[in-house]
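Working notes, structure below.
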Amino acid sequence: MVNMKAAWRAYVLAVCPQVSPESGTLAMCSPEEAALLRLEEVFSETLTRINSLVLQPLLTAAPDPSDSWGRECLRLLQQLQNSSQQLCKVTEESLQSLQERLHHPDSTGLESLLLLHSADRVLQVHMEYIDSYTSCVAVQAFQKAAKRRSEYWRSQRKELRQLLSGMSSEGSVGTALGQALRQPLTHHVQQYVLLLLRLGDTVGERDPARELVVHAATLFGNLQSFMRQALDQALATQALWHTLSSRLRDVLCTPARRLLQDSQDSPVTVTPLRAERALLFDDALVLLQGNNVHTFDLKLMWVEPGQDGCTFHLLTPEEAFSFCSKDPEGQVAWQWKVTQAVCQALRGKKDFPVLGAGPEPSEPPTCRCGAYTFYAEGRFCQATYEGEWYWGRPHGKGTLKWPDGQNHVGDFCQGLEHGFGIRLVPQASEDKFDCYKCHWREGSMCGYGICEYSTNEVYKGYFQEGLRHGFGVLESAPQAPQPCKYTGHWERGQRSGYGIEEDSDRGERYIGMWQADQRHGPGVMVTQAGVCYQGTFQADKIVGPGILLSDDDSLYEGNFTRGLTLLGKGKVTFPNGITLEGSFSTGAGRGLHTQGVLDTAALPPDPSSTCKRQLGLGAFPVESRWQGVYGPFGDFVRAGCPGDLREALLGFHVQSSRELRKSQEYLCCERTHPEDCVGRMEDILEELLQHREPEALQQYLRKALSNSLHPLGKLLQTLMLTFQATYTGIGANKHLQGLAQEEVKQHARELWAAYRGLLQVALERKGQAPEEEEDAETRDLQVHGLVLPLVLPSFYSELFTLYLLLHEREDSLYSQGIANLSLFPDTKLLEFLDVQKHLWPLKDLTLTTNQRYSLVRDKCFLSATECLQKMITTVDPREKLEVLERTYGEIEATVSRVLGQEHKLPMDDLLPLLIYVVSRARIQHLGAEIHLIRDMMDPMHTGGLYDFLLTALESCYEHIQKDMKLHRLYGCWNSKEPW
């Protein structure tokens with residue numbers, strides 16, 4: 001140590017003579033730092049000599065670049081030269097930091113040394129050089145380059161000996177070149193480790209630089225092991241290529257590939273492939289079988305231990321085979337090597353410091369990401385899958401691409417499409433695709449989906465085994481040559497069951513049964529002209545007898561042709577009661593011909609009964625019309641409302657994106673995320689349990705039904721779609737009012753059953769006892785009293801339109817009566833209605849000087865009139881009846897004030913007063929309002945006060961349209977008798 005210190009002092013005086021040995025600053029720099037400085041100087045000089053003596057001549061003597069291997073060797077040598085230049089540069093920077101420390105020891109701490117504060121960077125430069133060097137070794141780039149200038153290299157042998165220690169005069173030039181490029185670095189790193197360890201011994205425990213010194217020493221100690229391992233692998237790989245045929249060498253040899261294990265060194269038997277030789281590289285497992293080469297990517301290889309201690313199993317995307325060794329030791333060695341090689345391949349870099357000793361787990365993950373092209377025959381043949389894997393199978397999110405342009409993006413499970421996915425299927429014409437946004441189960445579409453076809457048709461509905469099955473809507477583009485829309489049920493890709501088809505081109509809507517994509521069974525046809533047909537269809541043709549209703553309520557009963565032309569025996573009943581019964585026929589250009597009996601003696605039928613002829617009632621039981629909508633929800637509830645089935649059965653929300661068919665780069669859509677569905681479903685069920693009291697339940701149902709992301713809201717939304725498809729546009733026909741009214745009530749019953757199903761699931765999840773089964777009476781009370789008022793607004797517009805059309809004639813007469821009554825002052829109208837004079841509220845009226853009671857208009861019973869007018873502000877039948885009840889109360893309150901005492905009106909007094917209020921309220925379409933209330937009111941009100949008041953209102957309505965002797969009123973008014 002004394003000699004080292006003396007040498008250090010002499011060196012300092014030599015390089016920095018202005019520093020005095022007695023100044024005390026030398027004590028701040030250790031002999032180890034001086035040795036490091038000298039080491040860096042020597043290494044820098046050596047690198048410069050190596051570059052001029054070896055690398056530059058190697059590049060000029062590189063193999064002929066006209067062949068592929070020549071170009072590859074040239075690339076490797078250029079890469080090695082670049083790595084050497086980077087190594088020289090970082091060595092110079094390290095040298096400068098050491099010199100700065102030497103010149104300013106009092107202001108520059110030990111941590112300022114590049115070798116310490118940037119040890120990771122210095123290490124990385126060394127590793128890049130090692131990687132470049134070993135790649136040259138593996139493919140014998142030095143030997144190939146040396147052959148082109150062998151005379152030159154023999155003349156430089158003396159110079160090479162000066163660079164190397166222990167160089168043999170008998171070795172090949174290529175070996176000498178390799179040794180010249182490796183030995184200085186090996187020695188340099190070895191000295192780094194020794195000096196850093198000694199430097200660490202001189203640094204105090206509390207010195208901030210100690211941790212840096214220890215870290216650097218550890219890194220370069222590991223680098224020594226890494227260099228030895230990298231060189232061993234490169235030499236083993238180089239030796240391997242000599243044992244293979246040129247064909248196999250061309251297939252397998254790459255500069256970056258390293259041999260890790262060879263079955264010739266450690267024998268194994270591979271079954272069922274029966275490979276003759278197994279080669280484990282750092283990127284692939286290769287099995288040689290005669291002239292066949294089976295290569296398996298390590299990133300997509302799973303290792304599973306065997307049962308007997310001598311066997312382990314390997315699983316790849318398309319192959320599964322076993323490795324069997326003669327003894328457990330061989331099995332352990334192979335399995336460990338394969339496992340660590342898989343880990344290394346997945347990390348994308350070589351292990352540091354040595355194979356399997358890195359900080360990452362030594363067991364590869366079972367779930368991983370990768371890309372693979374399938375070659376085996378099957379649906380995935382030639383398709384490339386990129387995404388998540390689990391035990392050799394696509395599992396998770398991924399993308400499948402076929403050579404023909406077909407593309408699938410979505411969820412996979414155990415190697416098959418499973419969950420939400422988007423698939424593009426190219427069609428014959430350029431840039432035309434069918435786009436399927438759908439749920440998949442075990443490789444085929446199953447559940448809810450949205451499909452946009454290259455023909456501009458769009459299908460939204462359910463699938464099963466890849467075919468349309470269940471409820472769905474198929475709609476063509478409005479600009480299509482024959483625009484058409486079908487809303488209904490499907491079976492194995494064909495329209496089957498109850499469905500609605502609208503043919504815009506022909507102006508017809510069919511409502512009825514289907515079979516094998518044809519109208520088959522009972523059906524109703526409605527035309528744009530208002531003509532309705534009900535009968536039987538068979539194979540898309542009208543067969544047998546049927547009935548035909550025209551817009552003027554003419555009725556034909558008999559046989560038809562497909563074009564709804566009268567043919568054969570039949571009977572026509574005209575609106576005035578006249579009937580024509582006989583045989584009908586038609587000919588080209590000759591019009592309709594008939595032979596039969598014309599009966600003109602029949603009395604005209606009651607208009608109310610004529611206009612109320614309803615079609616479809618009884619032909620399509622209301623419970624079975626939309627089972628394709630109710631069914632998936634029932635399945636979802638019976639399955640316990642699992643989150644992974646929520647989208648598949650209840651649908652997802654997605655924007656229509658027709659650009660998806662134009663390019664495979666836009667496979668995305670906005671929708672609810674399946675991973676969030678479980679949590680949301682839990683929240684929904686939890687909230688449901690917290691709102692079971694009557695008032696809270698009503699608020700909960702109102703909120704749920706208005707939210708399209710809630711299962712109940714989604715169900716209601718789909719039912720609204722079916723309702724609109726049936727009863728809007730052409731379907732707005734008065735003869736379908738009964739059909740629509742039945743559906744609304746059935747929808748309310750189904751929604752209540754859906755709520756009850758969700759409640760049972762929520763109770764079951766909480767471990768609570770299920771609620772008792774409801775009896776029919778209790779269920780009807782809940783449906784009409786709770787659910788129907790909440791769902792009626794969703795169907796009200798279409799339903800009320802049907803009521804308007806059905807009662808149009810009655811409302812027209814009523815409106816005319818109201819118009820006539822509105823001409824007259826209050827006193828004349830009260831007198832005409834035979835309201836007793838002591839009930840007239842004349843003292844409530846404030847007259848001006850120019851007024852008299854006989855001229856006052858719209859002042860009497862004003863509060864009751866304004867109250868009744870509020871009936872049209874709500875769609876809830878119960879609220880309408882409550883308005884009617886308050887109107888009755890206002891009438892009685894006014895009468896009591898006039899009489900000065902509490903007074904209950906008998907029916908004889910109430911009816912004329914109510915007629916007066918109704919006439920002054922001037923409610924349009926009162927007949928439609930009354931009939932809708934009557935049809936939709938809660939059965940519990942039958943026979944009660946509400947029933948009585950509604951009956952009274954009906955009487956007023958009938959009086960106004962039928963029984964008014966308006967000429968009496970005219971006479972009274974014209975007499976101008978003062979009161």
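Ordering of the structure tokens sets the chain letters (A, B, ...); residue numbers start at 1 within each chain; ligands are numbered from 1 in the order shown.
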Checklist entry - Near Gln746 of chain A, counting only C-alpha atoms, which residues have an atom at most 12 Å away, once you skip same-chain residues fewer than 3 positions from it, shown as a count of residues only? => result 29
Which residues are near Leu219 of chain A? Cut-off 8 Å, only C-alpha atoms, ignore same chain within fewer than 5 positions. Put them as a compact mmCIF listing (two decimals) with N, CA and C atoms, in the first residue's frame.
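This went into part.txt:
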```txt
# COMPACT_ATOMS: atom_id res chain seq x y z
N ALA A 119 -23.22 4.57 -14.12
CA ALA A 119 -22.77 3.19 -14.30
C ALA A 119 -23.68 2.42 -15.25
N ASP A 120 -24.98 2.66 -15.18
CA ASP A 120 -25.91 1.94 -16.06
C ASP A 120 -25.67 2.27 -17.52
N LEU A 123 -22.49 0.59 -18.61
CA LEU A 123 -22.76 -0.84 -18.75
C LEU A 123 -23.47 -1.12 -20.07
```
Item to check | Test item: residues at most 8 Å from Val189 of chain A, only C-alpha atoms, excluding those fewer than 6 positions along its chain, as number ranges by chain | outcome: A: 220, 223-224
How would the residues just chosen look if you wrote them out with C-alpha atoms as a short mmCIF file (atom, residue, chain, number, x, y, z; two decimals), in the first residue's frame?
```cif
data_model
loop_
_atom_site.label_atom_id
_atom_site.label_comp_id
_atom_site.auth_asym_id
_atom_site.auth_seq_id
_atom_site.Cartn_x
_atom_site.Cartn_y
_atom_site.Cartn_z
CA PHE A 220 -19.55 -4.92 -13.74
CA LEU A 223 -21.07 -8.08 -16.73
CA GLN A 224 -18.16 -10.49 -16.40
#
```
Env of Gly419 of chain A: 8 Å cut, atoms = only C-alpha atoms, seq-sep filter 6 positions within chain, self excluded. Answer as a compact mmCIF listing (two decimals) with N, CA and C atoms, in the first residue's frame.
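Result file is out-v1.txt:
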```txt
# COMPACT_ATOMS: atom_id res chain seq x y z
N GLY A 410 -62.09 -8.20 -31.30
CA GLY A 410 -63.00 -8.38 -30.17
C GLY A 410 -62.45 -9.28 -29.10
N ASP A 411 -63.35 -9.94 -28.40
CA ASP A 411 -63.01 -10.81 -27.28
C ASP A 411 -62.94 -12.26 -27.74
N PHE A 412 -61.99 -12.99 -27.14
CA PHE A 412 -61.81 -14.40 -27.44
C PHE A 412 -61.79 -15.19 -26.13
N HIS A 439 -72.38 -9.88 -30.44
CA HIS A 439 -71.85 -10.77 -29.42
C HIS A 439 -71.65 -12.16 -30.02
N TRP A 440 -70.59 -12.79 -29.56
CA TRP A 440 -70.20 -14.09 -30.10
C TRP A 440 -70.13 -15.09 -28.96
N ARG A 441 -70.44 -16.33 -29.30
CA ARG A 441 -70.34 -17.41 -28.32
C ARG A 441 -69.73 -18.62 -29.02
N ASP A 644 -71.69 -10.65 -17.73
CA ASP A 644 -71.15 -10.98 -19.05
C ASP A 644 -72.25 -11.28 -20.06
N ALA A 648 -75.13 -9.19 -24.29
CA ALA A 648 -75.54 -10.21 -25.27
C ALA A 648 -77.05 -10.35 -25.34
```
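Each of A:Lys299, A:Phe312, A:Glu771, A:Gly738 was checked against Thr269 of chain A using only C-alpha atoms; the smallest atom-to-atom distance is that of A:Phe312.
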